[in-house]
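*Asks:* This is entry-v8.csv, which holds CSV, N, CA and C atoms:
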```
chain,number,residue,atom,x,y,z
T,309,MET,N,-12.4,-6.9,10.4
T,309,MET,CA,-12.8,-5.7,9.6
T,309,MET,C,-13.4,-6.2,8.3
T,310,ARG,N,-14.5,-5.5,7.9
T,310,ARG,CA,-15.2,-5.9,6.6
T,310,ARG,C,-14.7,-5.0,5.5
T,311,TRP,N,-14.6,-5.5,4.3
T,311,TRP,CA,-14.0,-4.8,3.2
T,311,TRP,C,-14.9,-4.7,2.0
T,312,PHE,N,-14.9,-3.6,1.2
T,312,PHE,CA,-15.5,-3.6,-0.1
T,312,PHE,C,-14.7,-4.5,-1.0
T,313,PRO,N,-15.2,-4.9,-2.1
T,313,PRO,CA,-14.4,-5.7,-3.1
T,313,PRO,C,-13.2,-4.9,-3.6
T,314,THR,N,-12.2,-5.6,-4.0
T,314,THR,CA,-11.0,-4.9,-4.6
T,314,THR,C,-11.3,-4.2,-5.9
T,315,THR,N,-10.8,-3.0,-6.0
T,315,THR,CA,-10.9,-2.2,-7.2
T,315,THR,C,-9.7,-2.4,-8.1
T,316,SER,N,-9.9,-2.8,-9.3
T,316,SER,CA,-8.7,-3.0,-10.2
T,316,SER,C,-9.2,-3.0,-11.7
T,317,GLU,N,-8.4,-2.4,-12.5
T,317,GLU,CA,-8.7,-2.4,-13.9
T,317,GLU,C,-8.1,-3.5,-14.7
T,318,ASN,N,-7.3,-4.4,-14.0
T,318,ASN,CA,-6.5,-5.4,-14.7
T,318,ASN,C,-6.7,-6.8,-14.0
T,319,ALA,N,-7.8,-7.0,-13.4
T,319,ALA,CA,-8.1,-8.3,-12.7
T,319,ALA,C,-7.0,-8.8,-11.7
T,320,PHE,N,-6.6,-7.9,-10.9
T,320,PHE,CA,-5.5,-8.1,-9.9
T,320,PHE,C,-6.0,-9.2,-8.9
T,321,GLN,N,-5.1,-10.1,-8.6
T,321,GLN,CA,-5.3,-11.1,-7.6
T,321,GLN,C,-4.1,-11.2,-6.7
T,322,SER,N,-4.2,-11.4,-5.4
T,322,SER,CA,-3.1,-11.5,-4.5
T,322,SER,C,-2.4,-12.8,-4.9
T,323,LEU,N,-1.0,-12.8,-4.7
T,323,LEU,CA,-0.2,-14.0,-5.0
T,323,LEU,C,0.7,-14.1,-3.8
T,324,VAL,N,0.7,-15.3,-3.2
T,324,VAL,CA,1.6,-15.6,-2.1
T,324,VAL,C,2.6,-16.6,-2.5
T,325,THR,N,3.9,-16.3,-2.4
T,325,THR,CA,4.9,-17.2,-2.8
T,325,THR,C,5.8,-17.6,-1.6
T,326,ASP,N,6.9,-18.1,-1.9
T,326,ASP,CA,7.8,-18.5,-0.7
T,326,ASP,C,8.6,-17.4,-0.1
T,327,SER,N,8.4,-16.2,-0.5
T,327,SER,CA,9.1,-15.1,0.1
T,327,SER,C,8.2,-13.8,0.2
T,328,ASP,N,8.5,-13.0,1.1
T,328,ASP,CA,7.7,-11.7,1.2
T,328,ASP,C,8.0,-10.9,0.0
T,329,GLN,N,9.2,-10.8,-0.5
T,329,GLN,CA,9.5,-9.8,-1.6
T,329,GLN,C,8.9,-10.2,-2.9
T,330,THR,N,8.6,-11.5,-3.2
T,330,THR,CA,8.0,-11.9,-4.4
T,330,THR,C,6.5,-12.1,-4.4
T,331,SER,N,6.0,-12.0,-3.2
T,331,SER,CA,4.5,-12.0,-3.0
T,331,SER,C,4.0,-10.7,-3.3
T,332,THR,N,2.7,-10.6,-3.6
T,332,THR,CA,2.1,-9.3,-3.7
T,332,THR,C,2.0,-8.7,-2.3
T,333,GLY,N,1.6,-7.4,-2.2
T,333,GLY,CA,1.5,-6.8,-0.9
T,333,GLY,C,0.8,-5.5,-1.1
T,334,LYS,N,0.7,-4.7,0.0
T,334,LYS,CA,0.0,-3.5,0.0
T,334,LYS,C,0.5,-2.4,1.0
T,335,TRP,N,0.3,-1.2,0.6
T,335,TRP,CA,0.5,0.0,1.5
T,335,TRP,C,-0.8,0.1,2.2
T,336,ILE,N,-0.7,0.3,3.5
T,336,ILE,CA,-1.8,0.4,4.4
T,336,ILE,C,-2.0,1.9,4.8
T,337,ILE,N,-3.1,2.5,4.4
T,337,ILE,CA,-3.3,3.9,4.6
T,337,ILE,C,-4.5,4.1,5.5
T,338,GLN,N,-4.2,4.7,6.7
T,338,GLN,CA,-5.2,4.9,7.7
T,338,GLN,C,-5.9,6.2,7.4
T,339,GLN,N,-7.2,6.2,7.5
T,339,GLN,CA,-8.0,7.4,7.3
T,339,GLN,C,-7.7,8.1,6.0
T,340,PRO,N,-8.0,7.5,4.8
T,340,PRO,CA,-7.7,8.1,3.5
T,340,PRO,C,-8.6,9.3,3.2
T,341,GLY,N,-9.8,9.3,3.9
T,341,GLY,CA,-10.7,10.5,3.6
T,341,GLY,C,-11.0,10.7,2.2
T,342,SER,N,-11.0,11.9,1.8
T,342,SER,CA,-11.4,12.3,0.4
T,342,SER,C,-10.4,11.8,-0.6
T,343,LEU,N,-9.2,11.4,-0.2
T,343,LEU,CA,-8.2,10.9,-1.2
T,343,LEU,C,-8.6,9.6,-1.8
T,344,TRP,N,-9.7,8.9,-1.3
T,344,TRP,CA,-10.1,7.7,-1.9
T,344,TRP,C,-10.4,7.9,-3.4
T,345,GLU,N,-11.0,9.0,-3.8
T,345,GLU,CA,-11.4,9.3,-5.2
T,345,GLU,C,-10.1,9.4,-6.0
T,346,GLU,N,-9.0,10.0,-5.4
T,346,GLU,CA,-7.7,10.1,-6.1
T,346,GLU,C,-7.1,8.7,-6.3
T,347,ILE,N,-7.2,7.9,-5.3
T,347,ILE,CA,-6.7,6.5,-5.4
T,347,ILE,C,-7.4,5.8,-6.5
T,348,ASP,N,-8.8,5.9,-6.5
T,348,ASP,CA,-9.6,5.2,-7.5
T,348,ASP,C,-9.3,5.7,-8.9
T,349,ALA,N,-9.1,7.0,-9.1
T,349,ALA,CA,-8.8,7.6,-10.4
T,349,ALA,C,-7.4,7.1,-10.9
T,350,ALA,N,-6.4,6.9,-10.0
T,350,ALA,CA,-5.1,6.4,-10.4
T,350,ALA,C,-5.2,5.0,-10.8
T,351,ILE,N,-6.1,4.2,-10.2
T,351,ILE,CA,-6.3,2.8,-10.7
T,351,ILE,C,-6.9,2.8,-12.1
T,352,ILE,N,-7.9,3.6,-12.3
T,352,ILE,CA,-8.5,3.7,-13.6
T,352,ILE,C,-7.5,4.2,-14.7
T,353,ASP,N,-6.6,5.1,-14.3
T,353,ASP,CA,-5.6,5.6,-15.2
T,353,ASP,C,-4.5,4.6,-15.4
T,354,GLY,N,-4.4,3.5,-14.7
T,354,GLY,CA,-3.4,2.5,-14.8
T,354,GLY,C,-2.1,2.9,-14.0
T,355,ARG,N,-2.2,3.9,-13.2
T,355,ARG,CA,-1.0,4.3,-12.4
T,355,ARG,C,-0.8,3.4,-11.1
T,356,LEU,N,-1.9,2.9,-10.6
T,356,LEU,CA,-1.9,2.0,-9.4
T,356,LEU,C,-2.5,0.7,-9.9
T,357,THR,N,-2.1,-0.4,-9.2
T,357,THR,CA,-2.5,-1.7,-9.6
T,357,THR,C,-3.9,-2.0,-9.1
T,358,ALA,N,-4.2,-1.8,-7.8
T,358,ALA,CA,-5.5,-2.2,-7.2
T,358,ALA,C,-5.6,-1.6,-5.8
T,359,ALA,N,-6.8,-1.5,-5.3
T,359,ALA,CA,-7.0,-1.0,-3.9
T,359,ALA,C,-8.3,-1.6,-3.4
T,360,LYS,N,-8.3,-1.6,-2.1
T,360,LYS,CA,-9.5,-2.1,-1.3
T,360,LYS,C,-9.7,-1.1,-0.2
T,361,LYS,N,-10.9,-0.9,0.2
T,361,LYS,CA,-11.1,0.0,1.4
T,361,LYS,C,-12.1,-0.7,2.4
T,362,ALA,N,-11.9,-0.4,3.6
T,362,ALA,CA,-12.7,-1.0,4.7
T,362,ALA,C,-14.1,-0.4,4.5
T,363,ARG,N,-15.1,-1.2,4.9
T,363,ARG,CA,-16.5,-0.7,4.8
T,363,ARG,C,-16.8,0.6,5.6
T,364,ASP,N,-16.0,0.7,6.7
T,364,ASP,CA,-16.2,2.0,7.5
T,364,ASP,C,-15.3,3.1,7.0
T,365,HIS,N,-14.6,2.9,5.9
T,365,HIS,CA,-13.8,3.9,5.2
T,365,HIS,C,-12.6,4.3,6.0
T,366,SER,N,-12.2,3.5,7.1
T,366,SER,CA,-11.1,3.9,8.0
T,366,SER,C,-9.7,3.5,7.4
T,367,VAL,N,-9.7,2.6,6.5
T,367,VAL,CA,-8.4,2.1,6.0
T,367,VAL,C,-8.5,1.8,4.5
T,368,ALA,N,-7.5,2.1,3.8
T,368,ALA,CA,-7.4,1.8,2.3
T,368,ALA,C,-6.1,0.9,2.2
T,369,LEU,N,-6.2,-0.1,1.4
T,369,LEU,CA,-5.1,-0.9,1.0
T,369,LEU,C,-4.8,-0.7,-0.4
T,370,VAL,N,-3.5,-0.3,-0.8
T,370,VAL,CA,-3.1,0.0,-2.1
T,370,VAL,C,-2.1,-1.1,-2.5
T,371,TYR,N,-2.4,-2.0,-3.5
T,371,TYR,CA,-1.7,-3.2,-3.8
T,371,TYR,C,-0.5,-2.9,-4.8
T,372,CYS,N,0.5,-3.8,-4.6
T,372,CYS,CA,1.6,-3.9,-5.6
T,372,CYS,C,1.6,-5.3,-6.1
T,373,ARG,N,2.0,-5.5,-7.4
T,373,ARG,CA,2.1,-6.8,-8.0
T,373,ARG,C,3.3,-7.6,-7.4
T,374,SER,N,4.2,-6.9,-6.8
T,374,SER,CA,5.4,-7.6,-6.2
T,374,SER,C,5.8,-6.7,-5.0
T,375,SER,N,6.5,-7.3,-4.1
T,375,SER,CA,6.9,-6.6,-2.9
T,375,SER,C,8.4,-6.2,-2.9
T,376,ASP,N,9.0,-6.3,-4.1
T,376,ASP,CA,10.4,-5.9,-4.3
T,376,ASP,C,10.5,-4.3,-4.1
T,377,GLU,N,11.7,-3.9,-3.7
T,377,GLU,CA,11.8,-2.5,-3.3
T,377,GLU,C,11.5,-1.5,-4.4
T,378,HIS,N,11.8,-1.8,-5.7
T,378,HIS,CA,11.6,-0.9,-6.8
T,378,HIS,C,10.1,-0.7,-7.0
T,379,THR,N,9.3,-1.8,-7.0
T,379,THR,CA,7.9,-1.7,-7.2
T,379,THR,C,7.2,-1.0,-6.1
T,380,VAL,N,7.6,-1.3,-4.9
T,380,VAL,CA,7.0,-0.7,-3.7
T,380,VAL,C,7.3,0.8,-3.7
T,381,ALA,N,8.5,1.2,-4.0
T,381,ALA,CA,8.9,2.6,-4.0
T,381,ALA,C,8.1,3.4,-5.1
T,382,GLU,N,8.0,2.8,-6.3
T,382,GLU,CA,7.2,3.4,-7.4
T,382,GLU,C,5.8,3.7,-6.9
T,383,THR,N,5.2,2.7,-6.3
T,383,THR,CA,3.8,2.9,-5.8
T,383,THR,C,3.7,4.0,-4.7
T,384,LEU,N,4.7,4.0,-3.8
T,384,LEU,CA,4.7,5.0,-2.8
T,384,LEU,C,4.8,6.4,-3.4
T,385,ALA,N,5.6,6.6,-4.5
T,385,ALA,CA,5.8,7.8,-5.1
T,385,ALA,C,4.4,8.3,-5.7
T,386,ILE,N,3.7,7.4,-6.3
T,386,ILE,CA,2.4,7.7,-6.9
T,386,ILE,C,1.4,8.2,-5.7
T,387,LEU,N,1.5,7.4,-4.6
T,387,LEU,CA,0.6,7.8,-3.5
T,387,LEU,C,0.9,9.2,-3.0
T,388,ARG,N,2.2,9.5,-2.9
T,388,ARG,CA,2.6,10.9,-2.5
T,388,ARG,C,2.1,11.9,-3.5
T,389,GLU,N,2.2,11.6,-4.8
T,389,GLU,CA,1.8,12.6,-5.8
T,389,GLU,C,0.3,12.9,-5.7
T,390,ILE,N,-0.5,11.9,-5.3
T,390,ILE,CA,-2.0,12.1,-5.2
T,390,ILE,C,-2.4,12.7,-3.9
T,391,GLY,N,-1.4,12.8,-3.0
T,391,GLY,CA,-1.7,13.5,-1.7
T,391,GLY,C,-1.7,12.7,-0.4
T,392,ILE,N,-1.3,11.5,-0.5
T,392,ILE,CA,-1.2,10.7,0.8
T,392,ILE,C,0.0,11.2,1.5
T,393,GLU,N,-0.2,11.6,2.8
T,393,GLU,CA,0.9,12.2,3.6
T,393,GLU,C,1.1,11.3,4.8
T,394,GLY,N,2.2,11.6,5.5
T,394,GLY,CA,2.6,10.9,6.7
T,394,GLY,C,3.2,9.6,6.5
T,395,GLU,N,3.5,9.0,7.6
T,395,GLU,CA,4.1,7.6,7.7
T,395,GLU,C,3.1,6.6,7.3
T,396,ILE,N,3.4,5.7,6.4
T,396,ILE,CA,2.5,4.6,6.1
T,396,ILE,C,3.4,3.3,6.0
T,397,ARG,N,2.7,2.2,6.2
T,397,ARG,CA,3.5,0.9,6.3
T,397,ARG,C,3.0,0.0,5.1
T,398,TYR,N,4.0,-0.9,4.8
T,398,TYR,CA,3.7,-1.9,3.7
T,398,TYR,C,3.8,-3.3,4.3
T,399,LYS,N,2.9,-4.1,3.9
T,399,LYS,CA,2.8,-5.5,4.4
T,399,LYS,C,2.7,-6.4,3.2
T,400,SER,N,3.4,-7.5,3.2
T,400,SER,CA,3.3,-8.5,2.1
T,400,SER,C,2.0,-9.3,2.3
T,401,ASP,N,1.5,-9.8,1.3
T,401,ASP,CA,0.3,-10.7,1.4
T,401,ASP,C,0.7,-12.0,2.0
T,402,ARG,N,2.0,-12.4,1.9
T,402,ARG,CA,2.5,-13.6,2.6
T,402,ARG,C,2.4,-13.4,4.1
T,403,ALA,N,2.8,-12.2,4.6
T,403,ALA,CA,2.7,-12.0,6.0
T,403,ALA,C,1.2,-12.0,6.5
T,404,THR,N,0.4,-11.4,5.7
T,404,THR,CA,-1.1,-11.4,6.0
T,404,THR,C,-1.6,-12.8,6.1
T,405,GLU,N,-1.3,-13.7,5.1
T,405,GLU,CA,-1.8,-15.0,5.1
T,405,GLU,C,-1.2,-15.8,6.3
T,406,GLN,N,0.0,-15.5,6.7
T,406,GLN,CA,0.6,-16.2,7.8
T,406,GLN,C,0.2,-15.6,9.2
T,407,ARG,N,-0.6,-14.6,9.1
T,407,ARG,CA,-1.1,-13.8,10.3
T,407,ARG,C,0.0,-13.2,11.1
T,408,ARG,N,1.1,-12.8,10.4
T,408,ARG,CA,2.2,-12.1,11.0
T,408,ARG,C,1.9,-10.6,11.1
T,409,ASP,N,2.2,-10.0,12.2
T,409,ASP,CA,2.0,-8.5,12.4
T,409,ASP,C,3.2,-7.7,11.9
T,410,ASP,N,4.2,-8.3,11.3
T,410,ASP,CA,5.3,-7.5,10.9
T,410,ASP,C,5.1,-6.9,9.5
T,411,TYR,N,5.7,-5.7,9.4
T,411,TYR,CA,5.6,-4.9,8.1
T,411,TYR,C,7.0,-5.1,7.4
T,412,LEU,N,6.9,-5.2,6.1
T,412,LEU,CA,8.1,-5.3,5.3
T,412,LEU,C,8.8,-4.0,5.1
T,413,TYR,N,8.1,-2.9,5.0
T,413,TYR,CA,8.7,-1.6,4.8
T,413,TYR,C,7.8,-0.5,5.5
T,414,GLU,N,8.5,0.6,5.8
T,414,GLU,CA,7.8,1.8,6.2
T,414,GLU,C,8.2,2.9,5.2
T,415,SER,N,7.3,3.8,5.0
T,415,SER,CA,7.5,4.8,3.9
T,415,SER,C,8.8,5.6,4.1
T,416,ASP,N,9.2,5.9,5.3
T,416,ASP,CA,10.4,6.7,5.5
T,416,ASP,C,11.7,6.0,5.0
T,417,GLU,N,11.6,4.7,4.8
T,417,GLU,CA,12.8,4.0,4.2
T,417,GLU,C,13.0,4.4,2.7
T,418,PHE,N,12.0,5.0,2.1
T,418,PHE,CA,12.1,5.3,0.7
T,418,PHE,C,12.2,6.8,0.4
T,419,GLU,N,12.1,7.6,1.5
T,419,GLU,CA,12.1,9.0,1.3
T,419,GLU,C,13.2,9.7,2.0
T,420,PRO,N,13.8,10.7,1.4
T,420,PRO,CA,14.9,11.4,2.0
T,420,PRO,C,14.5,12.1,3.3
T,421,ARG,N,15.4,12.0,4.3
T,421,ARG,CA,15.1,12.7,5.6
T,421,ARG,C,15.7,14.0,5.4
T,422,SER,N,15.0,15.0,6.0
T,422,SER,CA,15.5,16.4,5.9
T,422,SER,C,16.7,16.5,6.9
T,423,ALA,N,17.7,17.2,6.5
T,423,ALA,CA,18.9,17.4,7.4
T,423,ALA,C,18.6,18.4,8.4
T,424,PRO,N,19.1,18.3,9.6
T,424,PRO,CA,18.8,19.2,10.7
T,424,PRO,C,19.4,20.6,10.3
T,425,THR,N,18.7,21.6,10.7
T,425,THR,CA,19.1,23.0,10.4
T,425,THR,C,20.2,23.4,11.4
T,426,ILE,N,21.3,23.9,10.9
T,426,ILE,CA,22.4,24.4,11.8
T,426,ILE,C,22.3,25.9,11.8
T,427,ARG,N,22.3,26.4,13.1
T,427,ARG,CA,22.2,27.9,13.2
T,427,ARG,C,23.4,28.4,13.7
```
Take the structure in the file and give it back as structure tokens.

*Replies:*
Amino acid sequence: MRWFPTTSENAFQSLVTDSDQTSTGKWIIQQPGSLWEEIDAAIIDGRLTAAKKARDHSVALVYCRSSDEHTVAETLAILREIGIEGEIRYKSDRATEQRRDDYLYESDEFEPRSAPTIR
């Protein structure tokens, strides 16, 4: 897949360390559609670190400076505020560099599940 250059207001660069949690990483958003403008605005406002989108606009990657749970959860909360819905996955840049297909987190790990309705 071909990508546009990374958008960042603070010269973001990926960092791969000896663990997934301390490496940078990204939320992978399928079909971001018109929400790309909201993602871009959040980067300009300093709410998000960086993002990249596929040339065919089918995927957006929203980066975190670290893959620890706190940083990843904060970024997910911002994505939800700007309108990103549904299940999304998070992958460390270490996993990407090692060509592993495993994801470090899924969005439902950070969001409360609704309790079943009892009738």

*Asks:* Contacts of Ile337 (chain T) at 6.5 Å or less, counting all atoms listed in the file, minus same-chain residues fewer than 3 places along, as a PyMOL selection string?

*Replies:* chain T and resi 340+366-370+396-397

*Asks:* Hey, what's within 8 Å of Phe320 (chain T) if we count only C-alpha atoms and toss same-chain stuff fewer than 2 positions away? As a list in words, please?

*Replies:*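 These residues fall inside the cut-off: Ser316, Glu317, Asn318, Ser322, Thr357, Ala358 and Arg373 of chain T.
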
*Asks:* Taking into account all atoms listed in the file, which residue in the set T:Gln329, T:Ser374, T:Glu382, T:Glu414 is nearest to Glu395 (chain T)?

*Replies:* T:Glu414

*Asks:* Counting all atoms listed in the file, which of T:Arg310, T:Ile386, T:Glu417, T:Gly391 gets nearest to Lys361 (chain T)?

*Replies:*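 For Lys361 (chain T), the nearest of the candidates is T:Arg310.
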
*Asks:* Considering only C-alpha atoms, return as number ranges by chain whatever protein or nucleic-acid residues lie within 8 Å of Met309 (chain T), sequence-local ones (same chain, fewer than 2 positions apart) excluded.

*Replies:* T: 311, 362-363

*Asks:* What is the atom N of Thr404 (chain T) to atom N of Ile352 (chain T) distance in Å?

*Replies:*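 So the two atoms, atom N of Thr404 (chain T) and atom N of Ile352 (chain T), lie 24.9 Å apart.
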
*Asks:* Pick out the closest residue to Ser400 (chain T) from this set: T:Thr330, T:Gln338, T:Ser415, T:Thr379. Count only C-alpha atoms.

*Replies:*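 Once distances to Ser400 (chain T) are computed over only C-alpha atoms, the minimum belongs to T:Thr330.
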
*Asks:* To one decimal place in Å, what is the distance between CA of Ala381 (chain T) and atom C of Asp364 (chain T)?

*Replies:* 26.6 Å

*Asks:* Each side padded by 4 Å, which centre and which edge lengths in Å (one decimal) define the axis-aligned box around the listed atoms of region 369-387 of chain T? Give them as lines of an AutoDock Vina configuration file.

*Replies:*
```
center_x = 2.8
center_y = 0.8
center_z = -3.3
size_x = 26.0
size_y = 24.8
size_z = 17.4
```

*Asks:* May I ask for the distance between CA of Tyr398 (chain T) and atom N of Gly333 (chain T), given in Å to one decimal place?

*Replies:*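 Atom N of Gly333 (chain T) lies at a distance of 8.3 Å from CA of Tyr398 (chain T).
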
*Asks:* Neighbouring residues of Leu356 (chain T) were defined as those with any atom within 9 Å, considering only C-alpha atoms; residues of the same chain fewer than 2 positions away were excluded. Please report them as a list in words.

*Replies:*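 Selected residues are Ser316, Ile347, Asp348, Ala349, Ala350, Ile351, Ile352, Asp353, Gly354, Ala358, Ala359, Val370, Tyr371, Cys372, Thr383, Ile386 and Leu387 of chain T.
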
*Asks:* Counting only C-alpha atoms, which residues come within 12 Å of (3.3, -18.0, -3.2), with the point read in the file's coordinates, and could you list them as a VMD selection string?

*Replies:* chain T and resid 321 to 333 374 to 375 400 to 403 405 to 406

*Asks:* Pull the alpha helix (DSSP H) assignments for chain T out of DSSP run on the backbone, and list those residues as a list of chain:residue names.

*Replies:*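 Written out, the alpha helix (DSSP H) residues of chain T are T:Trp344, T:Glu345, T:Glu346, T:Ile347, T:Asp348, T:Ala349, T:Ala350, T:Ile351, T:Ile352, T:Glu377, T:His378, T:Thr379, T:Val380, T:Ala381, T:Glu382, T:Thr383, T:Leu384, T:Ala385, T:Ile386, T:Leu387, T:Arg388, T:Glu389, T:Asp401, T:Arg402, T:Ala403, T:Thr404, T:Glu405.
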